[in-house]
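Quick look at run27.cif (mmCIF, C-alpha atoms):
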data_run
#
loop_
_atom_site.group_PDB
_atom_site.id
_atom_site.type_symbol
_atom_site.label_atom_id
_atom_site.label_comp_id
_atom_site.auth_asym_id
_atom_site.auth_seq_id
_atom_site.Cartn_x
_atom_site.Cartn_y
_atom_site.Cartn_z
ATOM 1 C CA MET A 1 -39.960 26.387 -31.541
ATOM 2 C CA VAL A 2 -39.166 26.811 -35.224
ATOM 3 C CA GLU A 3 -41.830 24.212 -35.909
ATOM 4 C CA ARG A 4 -44.490 26.288 -34.099
ATOM 5 C CA ILE A 5 -43.563 29.368 -36.051
ATOM 6 C CA LEU A 6 -43.752 27.412 -39.306
ATOM 7 C CA VAL A 7 -47.175 25.957 -38.384
ATOM 8 C CA ALA A 8 -48.438 29.443 -37.571
ATOM 9 C CA GLU A 9 -47.150 30.698 -40.979
ATOM 10 C CA ILE A 10 -48.873 27.809 -42.766
ATOM 11 C CA LYS A 11 -52.184 28.669 -41.074
ATOM 12 C CA LYS A 12 -51.805 32.332 -41.959
ATOM 13 C CA THR A 13 -51.077 31.669 -45.631
ATOM 14 C CA ALA A 14 -53.906 29.112 -45.844
ATOM 15 C CA LYS A 15 -56.377 31.742 -44.521
ATOM 16 C CA THR A 16 -55.222 34.210 -47.158
ATOM 17 C CA GLY A 17 -55.849 31.587 -49.850
ATOM 18 C CA ASN A 18 -52.306 31.374 -51.121
ATOM 19 C CA GLY A 19 -52.062 27.622 -51.924
ATOM 20 C CA ALA A 20 -48.588 27.651 -53.455
ATOM 21 C CA ALA A 21 -47.018 29.341 -50.421
ATOM 22 C CA THR A 22 -48.906 26.979 -48.101
ATOM 23 C CA LYS A 23 -47.479 23.936 -49.967
ATOM 24 C CA ILE A 24 -43.953 25.305 -49.805
ATOM 25 C CA LEU A 25 -44.273 25.990 -46.066
ATOM 26 C CA ALA A 26 -45.812 22.525 -45.523
ATOM 27 C CA ARG A 27 -42.881 20.978 -47.408
ATOM 28 C CA GLN A 28 -40.442 22.922 -45.188
ATOM 29 C CA LEU A 29 -42.324 21.668 -42.096
ATOM 30 C CA VAL A 30 -42.027 18.051 -43.309
ATOM 31 C CA ARG A 31 -38.291 18.513 -44.026
ATOM 32 C CA LEU A 32 -37.808 20.146 -40.610
ATOM 33 C CA ARG A 33 -39.492 17.216 -38.875
ATOM 34 C CA GLN A 34 -37.348 14.775 -40.913
ATOM 35 C CA GLN A 35 -34.181 16.658 -39.949
ATOM 36 C CA ILE A 36 -35.223 16.603 -36.259
ATOM 37 C CA THR A 37 -35.815 12.845 -36.497
ATOM 38 C CA ASN A 38 -32.468 12.348 -38.286
ATOM 39 C CA LEU A 39 -30.723 14.529 -35.709
ATOM 40 C CA GLN A 40 -32.199 12.487 -32.863
ATOM 41 C CA ALA A 41 -31.164 9.252 -34.583
ATOM 42 C CA SER A 42 -27.643 10.634 -35.086
ATOM 43 C CA ARG A 43 -27.462 11.604 -31.400
ATOM 44 C CA ALA A 44 -28.542 8.089 -30.434
ATOM 45 C CA GLN A 45 -25.880 6.593 -32.704
ATOM 46 C CA ILE A 46 -23.212 8.904 -31.300
ATOM 47 C CA ARG A 47 -24.199 7.914 -27.750
ATOM 48 C CA GLY A 48 -24.042 4.249 -28.771
ATOM 49 C CA VAL A 49 -20.579 4.743 -30.267
ATOM 50 C CA ALA A 50 -19.443 6.571 -27.100
ATOM 51 C CA THR A 51 -20.757 3.749 -24.911
ATOM 52 C CA HIS A 52 -19.093 1.180 -27.150
ATOM 53 C CA THR A 53 -15.814 3.155 -27.008
ATOM 54 C CA GLN A 54 -15.966 3.246 -23.200
ATOM 55 C CA ALA A 55 -16.593 -0.506 -23.117
ATOM 56 C CA LEU A 56 -13.580 -1.099 -25.374
ATOM 57 C CA TYR A 57 -11.420 1.143 -23.185
ATOM 58 C CA ALA A 58 -12.519 -0.812 -20.090
ATOM 59 C CA SER A 59 -11.730 -4.100 -21.850
ATOM 60 C CA THR A 60 -8.310 -2.795 -22.833
ATOM 61 C CA SER A 61 -7.626 -1.724 -19.241
ATOM 62 C CA ILE A 62 -8.682 -5.138 -17.959
ATOM 63 C CA SER A 63 -6.445 -6.922 -20.466
ATOM 64 C CA THR A 64 -3.504 -4.714 -19.525
ATOM 65 C CA GLY A 65 -4.105 -5.484 -15.848
ATOM 66 C CA MET A 66 -4.388 -9.200 -16.540
ATOM 67 C CA LYS A 67 -1.163 -9.075 -18.534
ATOM 68 C CA GLY A 68 0.664 -7.472 -15.601
ATOM 69 C CA ALA A 69 -0.835 -9.953 -13.136
ATOM 70 C CA THR A 70 0.194 -12.852 -15.374
ATOM 71 C CA LYS A 71 3.785 -11.583 -15.486
ATOM 72 C CA ALA A 72 3.832 -11.199 -11.693
ATOM 73 C CA MET A 73 2.423 -14.699 -11.147
ATOM 74 C CA THR A 74 4.938 -16.170 -13.595
ATOM 75 C CA ALA A 75 7.793 -14.484 -11.746
ATOM 76 C CA MET A 76 6.465 -15.758 -8.383
ATOM 77 C CA ASN A 77 6.097 -19.293 -9.726
ATOM 78 C CA LYS A 78 9.714 -19.221 -10.912
ATOM 79 C CA GLN A 79 10.909 -18.098 -7.479
ATOM 80 C CA MET A 80 8.675 -20.406 -5.462
ATOM 81 C CA GLU A 81 9.307 -23.819 -6.878
ATOM 82 C CA PRO A 82 7.109 -26.298 -4.974
ATOM 83 C CA ALA A 83 9.876 -28.874 -4.632
ATOM 84 C CA LYS A 84 12.250 -26.315 -3.106
ATOM 85 C CA GLN A 85 9.557 -25.032 -0.748
ATOM 86 C CA THR A 86 8.683 -28.561 0.414
ATOM 87 C CA LYS A 87 12.354 -29.359 0.995
ATOM 88 C CA MET A 88 12.832 -26.123 2.938
ATOM 89 C CA ILE A 89 9.762 -26.793 5.115
ATOM 90 C CA LYS A 90 10.926 -30.337 5.901
ATOM 91 C CA GLU A 91 14.380 -29.050 6.794
ATOM 92 C CA PHE A 92 12.846 -26.408 9.047
ATOM 93 C CA GLN A 93 10.735 -29.054 10.817
ATOM 94 C CA LYS A 94 13.794 -31.250 11.314
ATOM 95 C CA GLU A 95 15.883 -28.404 12.723
ATOM 96 C CA SER A 96 13.021 -27.259 14.930
ATOM 97 C CA ALA A 97 12.617 -30.759 16.383
ATOM 98 C CA GLN A 98 16.370 -30.987 16.980
ATOM 99 C CA MET A 99 16.347 -27.599 18.705
ATOM 100 C CA ASP A 100 13.437 -28.715 20.922
ATOM 101 C CA LEU A 101 15.401 -31.813 21.944
ATOM 102 C CA THR A 102 18.498 -29.742 22.678
ATOM 103 C CA ILE A 103 16.513 -27.299 24.800
ATOM 104 C CA GLU A 104 14.865 -30.167 26.667
ATOM 105 C CA MET A 105 18.223 -31.833 27.350
ATOM 106 C CA MET A 106 19.767 -28.574 28.554
ATOM 107 C CA SER A 107 16.766 -27.894 30.765
ATOM 108 C CA GLU A 108 16.996 -31.358 32.311
ATOM 109 C CA ALA A 109 20.735 -30.967 32.885
ATOM 110 C CA ILE A 110 20.217 -27.604 34.567
ATOM 111 C CA ASP A 111 17.369 -28.973 36.675
ATOM 112 C CA GLU A 112 19.484 -31.947 37.742
ATOM 113 C CA THR A 113 22.416 -29.732 38.640
ATOM 114 C CA LEU A 114 20.407 -27.210 40.617
ATOM 115 C CA ASP A 115 17.843 -29.468 42.233
ATOM 116 C CA LYS A 116 19.819 -32.665 42.811
ATOM 117 C CA ASP A 117 21.020 -32.238 46.394
ATOM 118 C CA GLU A 118 18.416 -29.817 47.709
ATOM 119 C CA ALA A 119 15.416 -31.529 46.134
ATOM 120 C CA GLU A 120 16.517 -34.981 47.280
ATOM 121 C CA ASP A 121 16.993 -33.906 50.886
ATOM 122 C CA GLU A 122 13.751 -31.922 50.965
ATOM 123 C CA THR A 123 11.833 -34.763 49.305
ATOM 124 C CA GLU A 124 13.157 -37.315 51.773
ATOM 125 C CA GLU A 125 12.461 -35.074 54.764
ATOM 126 C CA LEU A 126 8.932 -34.402 53.558
ATOM 127 C CA THR A 127 8.324 -38.093 52.866
ATOM 128 C CA ASN A 128 9.642 -39.068 56.309
ATOM 129 C CA GLN A 129 7.543 -36.374 57.968
ATOM 130 C CA VAL A 130 4.363 -37.534 56.219
ATOM 131 C CA LEU A 131 5.087 -41.168 56.970
ATOM 132 C CA ASP A 132 5.789 -40.332 60.639
ATOM 133 C CA GLU A 133 2.503 -38.433 60.849
ATOM 134 C CA ILE A 134 0.481 -41.362 59.534
ATOM 135 C CA GLY A 135 2.491 -43.851 61.591
ATOM 136 C CA VAL A 136 3.987 -45.875 58.797
ATOM 137 C CA ASP A 137 7.439 -47.358 59.217
ATOM 138 C CA ILE A 138 8.848 -48.226 55.774
ATOM 139 C CA ALA A 139 11.791 -50.112 57.261
ATOM 140 C CA SER A 140 9.540 -52.469 59.191
ATOM 141 C CA GLN A 141 7.489 -53.160 56.070
ATOM 142 C CA LEU A 142 10.609 -53.905 54.097
ATOM 143 C CA SER A 143 12.124 -56.436 56.494
ATOM 144 C CA SER A 144 15.106 -57.176 54.290
ATOM 145 C CA ALA A 145 15.979 -53.493 53.832
ATOM 146 C CA PRO A 146 18.168 -51.948 56.521
ATOM 147 C CA LYS A 147 16.979 -48.790 58.202
ATOM 148 C CA GLY A 148 18.372 -45.594 56.697
ATOM 149 C CA ARG A 149 17.217 -42.146 55.712
ATOM 150 C CA ILE A 150 13.800 -43.465 54.794
ATOM 151 C CA ALA A 151 13.088 -44.308 58.407
ATOM 152 C CA SER A 152 12.324 -41.616 60.938
ATOM 153 C CA LYS A 153 15.110 -39.405 62.265
ATOM 154 C CA LYS A 154 15.328 -41.339 65.541
ATOM 155 C CA GLU A 155 15.798 -44.625 63.764
ATOM 156 C CA ALA A 156 18.312 -43.078 61.368
ATOM 157 C CA LYS A 157 20.692 -42.415 64.257
ATOM 158 C CA ASN A 158 20.665 -46.087 65.215
ATOM 159 C CA ALA A 159 21.431 -47.343 61.677
ATOM 160 C CA PRO A 160 24.708 -49.210 61.056
ATOM 161 C CA SER A 161 27.419 -47.155 59.377
ATOM 162 C CA SER A 162 29.382 -49.825 57.552
ATOM 163 C CA ALA A 163 28.630 -51.620 54.274
ATOM 164 C CA ALA A 164 24.922 -51.558 55.073
ATOM 165 C CA SER A 165 24.905 -47.768 54.984
ATOM 166 C CA THR A 166 26.338 -47.771 51.462
ATOM 167 C CA ASP A 167 23.608 -50.186 50.406
ATOM 168 C CA VAL A 168 21.046 -47.875 51.967
ATOM 169 C CA GLU A 169 22.499 -44.913 50.160
ATOM 170 C CA ASP A 170 22.295 -46.794 46.862
ATOM 171 C CA LEU A 171 18.678 -47.698 47.542
ATOM 172 C CA GLU A 172 17.903 -44.100 48.502
ATOM 173 C CA LYS A 173 19.439 -42.847 45.263
ATOM 174 C CA ARG A 174 17.335 -45.293 43.299
ATOM 175 C CA LEU A 175 14.213 -44.190 45.175
ATOM 176 C CA ALA A 176 15.028 -40.531 44.569
ATOM 177 C CA SER A 177 15.543 -41.136 40.872
ATOM 178 C CA LEU A 178 12.211 -42.980 40.715
ATOM 179 C CA ARG A 179 10.474 -40.073 42.447
ATOM 180 C CA ARG A 180 11.785 -37.665 39.816
ATOM 181 C CA ILE A 181 10.338 -39.776 37.035
#
Starting from the coordinates I provided, produce the structure as structure tokens.
Amino acid sequence: MVERILVAEIKKTAKTGNGAATKILARQLVRLRQQITNLQASRAQIRGVATHTQALYASTSISTGMKGATKAMTAMNKQMEPAKQTKMIKEFQKESAQMDLTIEMMSEAIDETLDKDEAEDETEELTNQVLDEIGVDIASQLSSAPKGRIASKKEAKNAPSSAASTDVEDLEKRLASLRRI
């Protein structure tokens, strides 16, 4: 805006024929344009310095953050020694396996206690019933084995009650234990 006014003044003085005033105004116009150029260059430099300052601030923030993270990682590494962690994991696995075995043993003991008499009798009755239905006589197939609970109910009544019955009971116990396996 000042430049336009100055150009208009130069034109006016040139029309009037005043050469000295025209030169002075022209010199002022040149200086004004130089100052505008210098001002724009200074603004560009200031913006560059501001950008550079922001970049340095960001770098400083990053280094501060990295410093804190390094301290935290160092503290964690001191607390979590790999050898200790490996030892602890192995010990946990060992104890877990031992606990599994204990639970399994207790479960088997409970199952044996609760199911021993009832399951044996029910299993034998069911086996005898199925065998009777299909017409199989286990005692006749096992000629050396005396008739006992394995045979049908009718034949069980006719079985001897002396030493042979104890042998039959032993065989029945063996059979029942094999069925559980």
Can you list, as an mmCIF file with C-alpha atoms, in the frame of the given file, the residues that the PyMOL selection byres ((chain A and resi 22-28) around 10) selects here?
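The result, written out as out.cif:
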data_model
loop_
_atom_site.group_PDB
_atom_site.id
_atom_site.type_symbol
_atom_site.label_atom_id
_atom_site.label_comp_id
_atom_site.auth_asym_id
_atom_site.auth_seq_id
_atom_site.Cartn_x
_atom_site.Cartn_y
_atom_site.Cartn_z
ATOM 1 C CA GLU A 3 -41.830 24.212 -35.909
ATOM 2 C CA LEU A 6 -43.752 27.412 -39.306
ATOM 3 C CA VAL A 7 -47.175 25.957 -38.384
ATOM 4 C CA GLU A 9 -47.150 30.698 -40.979
ATOM 5 C CA ILE A 10 -48.873 27.809 -42.766
ATOM 6 C CA LYS A 11 -52.184 28.669 -41.074
ATOM 7 C CA LYS A 12 -51.805 32.332 -41.959
ATOM 8 C CA THR A 13 -51.077 31.669 -45.631
ATOM 9 C CA ALA A 14 -53.906 29.112 -45.844
ATOM 10 C CA LYS A 15 -56.377 31.742 -44.521
ATOM 11 C CA THR A 16 -55.222 34.210 -47.158
ATOM 12 C CA GLY A 17 -55.849 31.587 -49.850
ATOM 13 C CA ASN A 18 -52.306 31.374 -51.121
ATOM 14 C CA GLY A 19 -52.062 27.622 -51.924
ATOM 15 C CA ALA A 20 -48.588 27.651 -53.455
ATOM 16 C CA ALA A 21 -47.018 29.341 -50.421
ATOM 17 C CA LEU A 29 -42.324 21.668 -42.096
ATOM 18 C CA VAL A 30 -42.027 18.051 -43.309
ATOM 19 C CA ARG A 31 -38.291 18.513 -44.026
ATOM 20 C CA LEU A 32 -37.808 20.146 -40.610
ATOM 21 C CA ARG A 33 -39.492 17.216 -38.875
ATOM 22 C CA GLN A 34 -37.348 14.775 -40.913
#
(request) Grab the CA of Glu125 in chain A to CA of Ala176 in chain A distance for me, in Å with one decimal place. (result)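 Value for the CA of Glu125 in chain A-CA of Ala176 in chain A distance: 11.8 Å.
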(request) Find the distance between CA of Asp111 in chain A and CA of Leu178 in chain A and write it in Å to one decimal. (result) 15.5 Å
Box along x, y and z, 8 Å on every side, all listed atoms of range 30-45 of chain A inside: centre and edge lengths in Å to one decimal, as JSON.
{"center_x": -34.0, "center_y": 13.4, "center_z": -37.2, "size_x": 32.1, "size_y": 29.6, "size_z": 29.6}
(request) Record the distance separating CA of Glu124 in chain A and CA of Glu172 in chain A, expressed in Å with one decimal. (result) 8.9 Å
